[in-house]
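Colleague: My structure is stored as start.pdb, with PDB, C-alpha atoms.
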```
ATOM      1  CA  MET A 254      91.203  71.138  79.762
ATOM      2  CA  LYS A 255      94.725  72.336  80.490
ATOM      3  CA  LEU A 256      95.500  75.532  82.382
ATOM      4  CA  ALA A 257      99.099  76.794  82.606
ATOM      5  CA  ILE A 258     100.280  79.210  85.267
ATOM      6  CA  LEU A 259     103.351  81.335  84.551
ATOM      7  CA  VAL A 260     104.845  82.552  87.807
ATOM      8  CA  GLY A 261     106.048  86.060  88.535
ATOM      9  CA  ASP A 262     106.182  85.746  92.318
ATOM     10  CA  ARG A 263     104.595  83.812  95.173
ATOM     11  CA  ARG A 264     101.039  84.955  94.461
ATOM     12  CA  GLU A 265     100.812  82.966  91.207
ATOM     13  CA  VAL A 266     102.138  79.916  93.065
ATOM     14  CA  GLU A 267      99.307  80.300  95.562
ATOM     15  CA  ALA A 268      96.786  80.866  92.756
ATOM     16  CA  ALA A 269      97.701  77.466  91.316
ATOM     17  CA  GLY A 270      96.359  75.771  94.413
ATOM     18  CA  TYR A 271      92.961  77.432  93.959
ATOM     19  CA  PHE A 272      92.726  76.335  90.315
ATOM     20  CA  ARG A 273      93.448  72.719  91.288
ATOM     21  CA  GLY A 274      90.300  70.670  90.735
ATOM     22  CA  TRP A 275      88.541  73.501  88.913
ATOM     23  CA  VAL A 276      89.902  72.341  85.545
ATOM     24  CA  GLU A 277      91.207  68.911  84.567
ATOM     25  CA  GLU A 278      94.917  69.768  84.401
ATOM     26  CA  VAL A 279      96.943  72.586  85.993
ATOM     27  CA  VAL A 280     100.643  73.010  85.305
ATOM     28  CA  ILE A 281     103.020  75.642  86.594
ATOM     29  CA  ALA A 282     106.301  77.096  85.337
ATOM     30  CA  GLY A 283     108.692  79.716  86.655
ATOM     31  CA  CYS A 284     109.232  78.795  90.293
ATOM     32  CA  PRO A 285     111.425  76.369  92.278
ATOM     33  CA  VAL A 286     109.990  72.864  92.267
ATOM     34  CA  ASN A 287     109.760  72.796  96.070
ATOM     35  CA  LEU A 288     107.139  75.569  95.944
ATOM     36  CA  VAL A 289     104.772  73.737  93.596
ATOM     37  CA  PRO A 290     101.480  72.921  95.369
ATOM     38  CA  GLU A 291     100.488  69.273  95.690
ATOM     39  CA  GLY A 292      98.546  68.003  92.711
ATOM     40  CA  ILE A 293      99.926  70.615  90.310
ATOM     41  CA  GLY A 294     102.076  69.621  87.353
ATOM     42  CA  TYR A 295     105.536  71.186  87.087
ATOM     43  CA  THR A 296     107.250  72.172  83.861
ATOM     44  CA  ARG A 297     110.703  73.671  83.531
ATOM     45  CA  GLY A 298     110.165  75.569  80.306
ATOM     46  CA  LEU A 299     107.613  77.882  78.786
ATOM     47  CA  PRO A 300     106.992  75.826  75.589
ATOM     48  CA  GLU A 301     106.118  72.727  77.610
ATOM     49  CA  ALA A 302     103.788  74.733  79.851
ATOM     50  CA  LEU A 303     101.897  76.324  76.959
ATOM     51  CA  ALA A 304     101.648  73.232  74.737
ATOM     52  CA  GLY A 305      97.987  72.303  74.420
ATOM     53  CA  ALA A 306      96.833  74.823  77.028
ATOM     54  CA  ARG A 307      93.481  76.475  76.529
ATOM     55  CA  LEU A 308      93.922  78.813  79.485
ATOM     56  CA  VAL A 309      97.111  80.552  80.594
ATOM     57  CA  VAL A 310      97.371  82.723  83.694
ATOM     58  CA  GLY A 311     100.391  85.016  83.707
ATOM     59  CA  PRO A 312     101.776  87.120  86.525
ATOM     60  CA  VAL A 313     100.490  90.384  87.916
ATOM     61  CA  LEU A 314     103.993  91.794  87.369
ATOM     62  CA  GLY A 315     103.609  91.526  83.599
ATOM     63  CA  LEU A 316     106.456  91.806  81.096
ATOM     64  CA  ASP A 317     109.744  93.658  80.955
ATOM     65  CA  SER A 318     110.732  95.885  78.030
ATOM     66  CA  SER A 319     112.095  92.930  76.029
ATOM     67  CA  GLY A 320     108.965  90.820  76.417
ATOM     68  CA  GLY A 321     110.352  88.647  79.190
ATOM     69  CA  ILE A 322     108.126  87.654  82.094
ATOM     70  CA  LYS A 323     109.099  89.488  85.262
ATOM     71  CA  ASN A 324     110.089  86.730  87.654
ATOM     72  CA  ALA A 325     111.182  86.846  91.291
ATOM     73  CA  TYR A 326     112.998  83.489  91.095
ATOM     74  CA  GLY A 327     115.429  84.213  88.270
ATOM     75  CA  CYS A 328     113.576  82.015  85.767
ATOM     76  CA  GLU A 329     113.829  83.282  82.208
ATOM     77  CA  MET A 330     110.608  83.016  80.236
ATOM     78  CA  LYS A 331     109.775  85.002  77.130
ATOM     79  CA  LEU A 332     106.390  85.056  75.454
ATOM     80  CA  GLU A 333     106.954  84.713  71.733
ATOM     81  CA  GLU A 334     104.656  83.776  68.881
ATOM     82  CA  THR A 335     106.219  80.327  68.502
ATOM     83  CA  ALA A 336     105.422  79.446  72.121
ATOM     84  CA  LEU A 337     101.931  80.961  71.995
ATOM     85  CA  ALA A 338     101.187  79.032  68.792
ATOM     86  CA  SER A 339     101.386  75.782  70.754
ATOM     87  CA  MET A 340      98.313  76.775  72.762
ATOM     88  CA  GLN A 341      94.846  75.721  71.648
ATOM     89  CA  LYS A 342      93.408  78.048  69.013
ATOM     90  CA  GLY A 343      91.003  80.451  70.643
ATOM     91  CA  GLY A 344      92.804  80.048  73.960
ATOM     92  CA  LEU A 345      92.839  82.781  76.578
ATOM     93  CA  LEU A 346      95.947  84.381  78.047
ATOM     94  CA  PHE A 347      95.259  86.199  81.318
ATOM     95  CA  PHE A 348      98.127  88.568  82.073
ATOM     96  CA  GLY A 349      98.548  91.352  84.591
ATOM     97  CA  SER A 350      99.146  93.790  81.761
ATOM     98  CA  SER A 351      99.686  93.616  78.030
ATOM     99  CA  ASN A 352     101.690  95.543  75.447
ATOM    100  CA  PRO A 353     101.536  95.934  71.661
ATOM    101  CA  ALA A 354     104.148  93.242  71.013
ATOM    102  CA  LEU A 355     102.225  90.680  73.085
ATOM    103  CA  GLU A 356      98.945  91.614  71.389
ATOM    104  CA  VAL A 357     100.498  91.121  67.943
ATOM    105  CA  ALA A 358     102.075  87.786  68.880
ATOM    106  CA  ALA A 359      98.846  86.555  70.443
ATOM    107  CA  ALA A 360      96.756  87.556  67.428
ATOM    108  CA  ALA A 361      99.161  85.764  65.098
ATOM    109  CA  ALA A 362      98.933  82.647  67.288
ATOM    110  CA  GLY A 363      95.136  82.784  67.398
ATOM    111  CA  VAL A 364      94.815  83.421  71.134
ATOM    112  CA  ARG A 365      93.285  86.279  73.093
ATOM    113  CA  VAL A 366      94.985  88.385  75.758
ATOM    114  CA  ILE A 367      92.929  89.419  78.813
ATOM    115  CA  PRO A 368      94.776  92.068  80.910
ATOM    116  CA  TYR A 369      93.449  91.834  84.453
ATOM    117  CA  ARG A 370      95.559  94.075  86.696
ATOM    118  CA  GLU A 371      93.494  97.220  86.030
ATOM    119  CA  ARG A 372      90.116  95.507  86.096
ATOM    120  CA  ASP A 373      88.065  96.914  88.957
ATOM    121  CA  ASP A 374      87.275  93.524  90.457
ATOM    122  CA  PHE A 375      90.927  92.509  90.653
ATOM    123  CA  ALA A 376      92.260  95.941  91.607
ATOM    124  CA  ILE A 377      89.808  96.269  94.496
ATOM    125  CA  LEU A 378      90.593  92.808  95.850
ATOM    126  CA  ASN A 379      94.319  93.448  95.377
ATOM    127  CA  SER A 380      94.063  96.774  97.212
ATOM    128  CA  ILE A 381      93.473  94.957 100.504
ATOM    129  CA  PRO A 382      96.892  93.255 100.806
ATOM    130  CA  SER A 383      98.470  96.354  99.222
ATOM    131  CA  ALA A 384      97.036  98.598 101.914
ATOM    132  CA  GLU A 385      97.767  96.194 104.763
ATOM    133  CA  GLY A 386     101.312  95.811 103.491
ATOM    134  CA  ALA A 387     101.742  99.579 103.359
ATOM    135  CA  LEU A 388     100.590  99.854 106.962
ATOM    136  CA  GLN A 389     103.043  97.121 107.950
ATOM    137  CA  VAL A 390     105.887  99.005 106.281
ATOM    138  CA  ALA A 391     104.879 102.189 108.104
ATOM    139  CA  MET A 392     104.661 100.487 111.487
ATOM    140  CA  GLU A 393     108.100  98.925 111.021
ATOM    141  CA  ASN A 394     109.714 102.252 110.135
ATOM    142  CA  LEU A 395     107.958 104.845 112.283
ATOM    143  CA  PRO A 396     109.045 105.658 115.839
ATOM    144  CA  VAL A 397     105.428 106.459 116.748
ATOM    145  CA  THR A 398     102.042 104.809 116.353
ATOM    146  CA  LEU A 399      99.849 105.492 113.377
ATOM    147  CA  HIS A 400      97.120 106.264 115.888
ATOM    148  CA  GLY A 401      97.335 109.975 116.487
ATOM    149  CA  SER A 402      99.741 110.534 113.589
ATOM    150  CA  THR A 403      98.987 112.601 110.512
ATOM    151  CA  ALA A 404      98.960 110.341 107.466
ATOM    152  CA  LEU A 405      98.749 111.767 103.970
ATOM    153  CA  VAL A 406      97.260 109.544 101.257
ATOM    154  CA  LEU A 407      98.001 110.839  97.766
ATOM    155  CA  GLY A 408      95.340 109.665  95.342
ATOM    156  CA  LEU A 409      92.020 108.020  96.135
ATOM    157  CA  GLY A 410      91.887 105.237  93.574
ATOM    158  CA  ARG A 411      91.279 101.622  94.533
ATOM    159  CA  THR A 412      94.349 101.287  96.776
ATOM    160  CA  GLY A 413      94.176 104.828  98.132
ATOM    161  CA  LEU A 414      90.541 104.390  99.143
ATOM    162  CA  THR A 415      91.183 101.127 100.971
ATOM    163  CA  LEU A 416      94.257 102.564 102.657
ATOM    164  CA  ALA A 417      92.460 105.724 103.793
ATOM    165  CA  ARG A 418      89.673 103.650 105.355
ATOM    166  CA  MET A 419      92.198 101.527 107.247
ATOM    167  CA  LEU A 420      94.091 104.566 108.495
ATOM    168  CA  CYS A 421      90.884 106.137 109.770
ATOM    169  CA  GLY A 422      90.081 102.897 111.574
ATOM    170  CA  LEU A 423      93.488 102.997 113.263
ATOM    171  CA  GLY A 424      92.851 106.481 114.585
ATOM    172  CA  ALA A 425      95.223 108.353 112.299
ATOM    173  CA  ARG A 426      94.423 111.886 111.216
ATOM    174  CA  THR A 427      94.019 110.992 107.563
ATOM    175  CA  VAL A 428      94.555 113.665 104.925
ATOM    176  CA  VAL A 429      93.533 112.685 101.392
ATOM    177  CA  VAL A 430      95.230 114.656  98.630
ATOM    178  CA  ALA A 431      93.658 114.325  95.187
ATOM    179  CA  ARG A 432      92.910 116.260  92.014
ATOM    180  CA  ASN A 433      89.473 114.796  91.326
ATOM    181  CA  PRO A 434      86.632 116.735  93.051
ATOM    182  CA  ALA A 435      84.591 113.528  93.384
ATOM    183  CA  GLN A 436      87.457 111.849  95.231
ATOM    184  CA  LEU A 437      87.780 114.836  97.542
ATOM    185  CA  ALA A 438      84.037 114.657  98.239
ATOM    186  CA  ARG A 439      84.364 110.939  99.032
ATOM    187  CA  ALA A 440      87.262 111.698 101.380
ATOM    188  CA  ALA A 441      85.113 114.191 103.258
ATOM    189  CA  GLU A 442      82.262 111.674 103.486
ATOM    190  CA  MET A 443      84.693 109.155 105.007
ATOM    191  CA  GLY A 444      85.749 111.594 107.708
ATOM    192  CA  CYS A 445      89.138 112.323 106.150
ATOM    193  CA  CYS A 446      90.550 115.781 105.547
ATOM    194  CA  PRO A 447      90.289 116.480 101.786
ATOM    195  CA  VAL A 448      93.040 118.586 100.200
ATOM    196  CA  PRO A 449      93.347 119.490  96.495
ATOM    197  CA  LEU A 450      96.566 118.235  94.912
ATOM    198  CA  ARG A 451      97.656 121.792  94.132
ATOM    199  CA  ASN A 452      97.887 122.393  97.895
ATOM    200  CA  LEU A 453     100.143 119.415  98.625
ATOM    201  CA  GLY A 454     103.103 121.685  99.360
ATOM    202  CA  ALA A 455     101.100 123.472 102.027
ATOM    203  CA  VAL A 456     100.058 120.342 103.932
ATOM    204  CA  ILE A 457     103.070 118.072 103.585
ATOM    205  CA  ARG A 458     104.777 119.801 106.518
ATOM    206  CA  GLU A 459     102.014 118.412 108.757
ATOM    207  CA  GLY A 460     102.633 114.799 107.776
ATOM    208  CA  THR A 461     104.129 112.029 109.870
ATOM    209  CA  VAL A 462     103.939 109.633 106.928
ATOM    210  CA  VAL A 463     102.975 109.976 103.271
ATOM    211  CA  PHE A 464     101.531 107.113 101.227
ATOM    212  CA  ASN A 465     101.670 107.879  97.529
ATOM    213  CA  THR A 466      99.504 105.961  95.049
ATOM    214  CA  ILE A 467      99.734 108.428  92.134
ATOM    215  CA  PRO A 468     101.956 107.155  89.266
ATOM    216  CA  ALA A 469     103.245 110.626  88.391
ATOM    217  CA  LEU A 470     105.876 112.925  89.917
ATOM    218  CA  VAL A 471     103.826 114.613  92.630
ATOM    219  CA  LEU A 472     106.464 114.544  95.387
ATOM    220  CA  ASN A 473     108.971 116.703  93.541
ATOM    221  CA  ARG A 474     111.940 118.504  95.040
ATOM    222  CA  GLU A 475     109.976 121.698  95.664
ATOM    223  CA  VAL A 476     107.245 119.873  97.588
ATOM    224  CA  LEU A 477     109.712 117.694  99.491
ATOM    225  CA  GLY A 478     111.646 120.753 100.574
ATOM    226  CA  LYS A 479     108.650 121.817 102.685
ATOM    227  CA  ALA A 480     108.440 118.537 104.653
ATOM    228  CA  GLN A 481     109.623 117.964 108.199
ATOM    229  CA  PRO A 482     112.920 116.002 108.301
ATOM    230  CA  GLU A 483     111.261 113.106 110.191
ATOM    231  CA  LEU A 484     108.707 112.492 107.438
ATOM    232  CA  LEU A 485     108.473 108.908 106.155
ATOM    233  CA  ILE A 486     107.505 108.497 102.488
ATOM    234  CA  ILE A 487     106.071 105.194 101.289
ATOM    235  CA  ASP A 488     105.555 105.157  97.535
ATOM    236  CA  LEU A 489     103.157 102.487  96.261
ATOM    237  CA  ALA A 490     102.989 103.734  92.672
ATOM    238  CA  SER A 491     104.277 101.618  89.824
ATOM    239  CA  ALA A 492     107.380 102.664  87.882
ATOM    240  CA  PRO A 493     108.626 105.338  87.743
ATOM    241  CA  GLY A 494     106.832 106.085  91.035
ATOM    242  CA  GLY A 495     105.642 109.457  92.202
ATOM    243  CA  THR A 496     108.644 110.590  94.239
ATOM    244  CA  ASP A 497     111.872 112.382  93.409
ATOM    245  CA  PHE A 498     113.902 109.768  95.263
ATOM    246  CA  ALA A 499     117.222 111.450  94.565
ATOM    247  CA  GLY A 500     115.912 114.774  95.802
ATOM    248  CA  ALA A 501     114.470 113.157  98.910
ATOM    249  CA  GLY A 502     117.845 111.575  99.642
ATOM    250  CA  GLU A 503     119.619 114.907  99.325
ATOM    251  CA  LEU A 504     117.122 116.369 101.796
ATOM    252  CA  GLY A 505     117.660 113.517 104.234
ATOM    253  CA  LEU A 506     114.098 112.204 103.938
ATOM    254  CA  LYS A 507     113.483 108.487 104.325
ATOM    255  CA  THR A 508     111.720 106.945 101.332
ATOM    256  CA  ILE A 509     110.562 103.390 100.697
ATOM    257  CA  TRP A 510     109.414 102.350  97.248
ATOM    258  CA  ALA A 511     107.117  99.513  98.270
ATOM    259  CA  LEU A 512     106.335  97.616  95.072
ATOM    260  CA  GLY A 513     104.664  94.206  94.845
ATOM    261  CA  LEU A 514     103.429  94.236  98.430
ATOM    262  CA  PRO A 515     100.598  91.698  97.943
ATOM    263  CA  GLY A 516     103.057  89.035  96.817
ATOM    264  CA  LYS A 517     105.322  89.758  99.774
ATOM    265  CA  VAL A 518     102.950  90.205 102.705
ATOM    266  CA  ALA A 519      99.866  88.153 101.754
ATOM    267  CA  PRO A 520     100.578  85.905  98.751
ATOM    268  CA  ARG A 521      97.734  83.507  99.494
ATOM    269  CA  THR A 522      95.165  86.289  99.599
ATOM    270  CA  ALA A 523      96.680  87.816  96.464
ATOM    271  CA  GLY A 524      96.631  84.432  94.716
ATOM    272  CA  ARG A 525      93.002  83.948  95.641
ATOM    273  CA  ALA A 526      92.219  87.310  94.019
ATOM    274  CA  ILE A 527      93.795  86.131  90.755
ATOM    275  CA  PHE A 528      91.726  82.955  90.843
ATOM    276  CA  GLN A 529      88.495  84.758  91.678
ATOM    277  CA  VAL A 530      88.843  87.254  88.848
ATOM    278  CA  VAL A 531      89.769  84.624  86.243
ATOM    279  CA  ALA A 532      87.024  82.245  87.389
ATOM    280  CA  SER A 533      84.385  84.988  87.418
ATOM    281  CA  PHE A 534      85.413  86.145  83.947
ATOM    282  CA  LEU A 535      85.119  82.622  82.557
ATOM    283  CA  ALA A 536      81.751  82.068  84.245
ATOM    284  CA  ARG A 537      80.398  85.209  82.576
ATOM    285  CA  GLU A 538      81.936  84.601  79.144
ATOM    286  CA  PHE A 539      81.401  80.813  79.003
ATOM    287  CA  PRO A 540      78.494  80.063  81.374
ATOM    288  CA  GLU A 541      77.866  76.573  79.995
ATOM    289  CA  GLU A 542      81.430  75.464  80.756
ATOM    290  CA  PHE A 543      82.268  77.496  83.850
ATOM    291  CA  ALA A 544      78.992  77.960  85.692
ATOM    292  CA  ASP A 545      80.028  76.838  89.167
ATOM    293  CA  VAL A 546      81.004  80.199  90.661
ATOM    294  CA  LYS A 547      79.529  79.084  93.994
ATOM    295  CA  SER A 548      82.750  77.197  94.609
ATOM    296  CA  LEU A 549      84.900  80.341  94.683
ATOM    297  CA  PRO A 550      86.959  80.294  97.879
ATOM    298  CA  THR A 551      86.639  82.869 100.644
ATOM    299  CA  SER A 552      89.833  81.971 102.491
TER     300      SER A 552
END
```
In structure tokens, write the structure found in this file.
Modeller:
Amino acid sequence: MKLAILVGDRREVEAAGYFRGWVEEVVIAGCPVNLVPEGIGYTRGLPEALAGARLVVGPVLGLDSSGGIKNAYGCEMKLEETALASMQKGGLLFFGSSNPALEVAAAAAGVRVIPYRERDDFAILNSIPSAEGALQVAMENLPVTLHGSTALVLGLGRTGLTLARMLCGLGARTVVVARNPAQLARAAEMGCCPVPLRNLGAVIREGTVVFNTIPALVLNREVLGKAQPELLIIDLASAPGGTDFAGAGELGLKTIWALGLPGKVAPRTAGRAIFQVVASFLAREFPEEFADVKSLPTS
């Protein structure tokens, strides 16, 4: 069985190493040849990578607006029906996210798309390097320790929850700002200070650092105007983010849009998460072929 890995950044490179030995053949495309793990086949082009593949693992980053694979190494790869048609019929394409054009092309080629970025199992595992990376960014840019600081976490989804727990463990006064009453109740149970989103403007002046995980404009100009000038804003939300970056700049506030942190700060851990989610999915869907989940790595 052939499995092809299409690289977006370093985490897919690391994932390739975990798939080695789990299926008969693993090939990789979209990264410099010197990064290819030992025992993994290397292909320069997308058609060669997909030809005969039953399983394809694409990047967490997903696709750009034109259908091209987002790639940190400048490699151009575009998923089109002609390339997908070279896969085995009934093949599976695991991709961070999908879009209507990819779904149509895959259906025409007789393959199935499995978006994995928003699956709970992947998102929870991925929240760990995301949160640790966010803390690293804060420590590198704050003149004070997180211990004793007031840290605002906007949103208590998978990443926000992990981040809030870590901040509490570091001794930060952790304020969780959310709209969902259940999330606010969870914040209180964790020992955080729960604040409804509508009151963000009233509490932002207390913050030393703000970590935003909400993919909507919550840190608008009006809210930012109430912050202390020393406030550090770290936005973890996907495009277009949750911060009025232009407005923050005009106010002299420091902002960092910290995207793709798992691939930057802990690519091996992030790659292992990709492998674990794909392997677990296959073990559930095809237990006779992929039953050996006991071999999933822990490090």
Colleague: Enumerate, in order of chain and increasing residue number, the residues of segment 469-533 of chain A with an atom no farther than 12 Å from segment 256-261 of chain A, each with its shortest atom pair and distance in Å to one decimal, counting all atoms listed in the file, as a Markdown table.
Modeller:
```
| residue | atom | partner | partner_atom | distance |
| --- | --- | --- | --- | --- |
| A:Gly513 | CA | A:Gly261 | CA | 10.4 |
| A:Gly516 | CA | A:Gly261 | CA | 9.3 |
| A:Lys517 | CA | A:Gly261 | CA | 11.9 |
| A:Pro520 | CA | A:Gly261 | CA | 11.6 |
| A:Gly524 | CA | A:Val260 | CA | 10.9 |
| A:Ile527 | CA | A:Ile258 | CA | 11.0 |
| A:Phe528 | CA | A:Ile258 | CA | 10.9 |
| A:Val531 | CA | A:Leu256 | CA | 11.4 |
| A:Ala532 | CA | A:Leu256 | CA | 11.9 |
```
Colleague: So which one's closest to Gly410 of chain A, A:Leu489, A:Cys446, A:Ala480, A:Val456? Using only C-alpha atoms, please.
Modeller: A:Leu489
Colleague: Please enclose the listed atoms of segment 464-480 of chain A in an axis-aligned box, pad each side by 6 Å, and write out the centre and the three edge lengths in Å, rounded to one decimal, as lines of an AutoDock Vina configuration file.
Modeller:
```
center_x = 105.7
center_y = 113.9
center_z = 96.5
size_x = 24.4
size_y = 27.9
size_z = 28.3
```
Colleague: Kindly indicate which residue among A:Leu308, A:Leu303, A:Leu504, A:Ala359 lies nearest to Phe272 of chain A, using all atoms listed in the file for the distances.
Modeller: A:Leu308
Colleague: Using all atoms listed in the file, pick whichever of A:Leu378, A:Val286, A:Leu355, A:Val309 has the shortest atom-to-atom distance to Arg525 of chain A.
Modeller: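 Between A:Leu378, A:Val286, A:Leu355, A:Val309, the residue approaching Arg525 of chain A most closely is A:Leu378.
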Colleague: Would you mind completing segment 291-306 of chain A so that it carries N, CA and C atoms, and writing it out as an mmCIF file, keeping the file's coordinate frame?
Modeller:
```
data_model
loop_
_atom_site.group_PDB
_atom_site.id
_atom_site.type_symbol
_atom_site.label_atom_id
_atom_site.label_comp_id
_atom_site.auth_asym_id
_atom_site.auth_seq_id
_atom_site.Cartn_x
_atom_site.Cartn_y
_atom_site.Cartn_z
ATOM 1 N N GLU A 291 100.791 70.687 95.938
ATOM 2 C CA GLU A 291 100.488 69.273 95.690
ATOM 3 C C GLU A 291 99.382 69.150 94.644
ATOM 4 N N GLY A 292 99.559 68.231 93.726
ATOM 5 C CA GLY A 292 98.546 68.003 92.711
ATOM 6 C C GLY A 292 98.664 68.883 91.493
ATOM 7 N N ILE A 293 99.699 69.724 91.437
ATOM 8 C CA ILE A 293 99.926 70.615 90.310
ATOM 9 C C ILE A 293 101.117 70.106 89.508
ATOM 10 N N GLY A 294 100.971 70.048 88.191
ATOM 11 C CA GLY A 294 102.076 69.621 87.353
ATOM 12 C C GLY A 294 103.155 70.683 87.271
ATOM 13 N N TYR A 295 104.403 70.246 87.136
ATOM 14 C CA TYR A 295 105.536 71.186 87.087
ATOM 15 C C TYR A 295 106.247 71.052 85.752
ATOM 16 N N THR A 296 106.487 72.171 85.104
ATOM 17 C CA THR A 296 107.250 72.172 83.861
ATOM 18 C C THR A 296 108.399 73.153 83.992
ATOM 19 N N ARG A 297 109.524 72.812 83.403
ATOM 20 C CA ARG A 297 110.703 73.671 83.531
ATOM 21 C C ARG A 297 110.737 74.790 82.495
ATOM 22 N N GLY A 298 110.080 74.585 81.368
ATOM 23 C CA GLY A 298 110.165 75.569 80.306
ATOM 24 C C GLY A 298 108.817 76.084 79.864
ATOM 25 N N LEU A 299 108.836 77.263 79.261
ATOM 26 C CA LEU A 299 107.613 77.882 78.786
ATOM 27 C C LEU A 299 106.934 77.081 77.675
ATOM 28 N N PRO A 300 107.666 76.580 76.660
ATOM 29 C CA PRO A 300 106.992 75.826 75.589
ATOM 30 C C PRO A 300 106.204 74.628 76.102
ATOM 31 N N GLU A 301 106.796 73.901 77.051
ATOM 32 C CA GLU A 301 106.118 72.727 77.610
ATOM 33 C C GLU A 301 104.859 73.136 78.373
ATOM 34 N N ALA A 302 104.940 74.270 79.082
ATOM 35 C CA ALA A 302 103.788 74.733 79.851
ATOM 36 C C ALA A 302 102.631 75.129 78.936
ATOM 37 N N LEU A 303 102.945 75.807 77.834
ATOM 38 C CA LEU A 303 101.897 76.324 76.959
ATOM 39 C C LEU A 303 101.326 75.273 76.012
ATOM 40 N N ALA A 304 102.071 74.222 75.728
ATOM 41 C CA ALA A 304 101.648 73.232 74.737
ATOM 42 C C ALA A 304 100.285 72.629 75.095
ATOM 43 N N GLY A 305 99.315 72.868 74.229
ATOM 44 C CA GLY A 305 97.987 72.303 74.420
ATOM 45 C C GLY A 305 97.122 73.030 75.431
ATOM 46 N N ALA A 306 97.609 74.108 76.007
ATOM 47 C CA ALA A 306 96.833 74.823 77.028
ATOM 48 C C ALA A 306 95.728 75.654 76.378
#
```
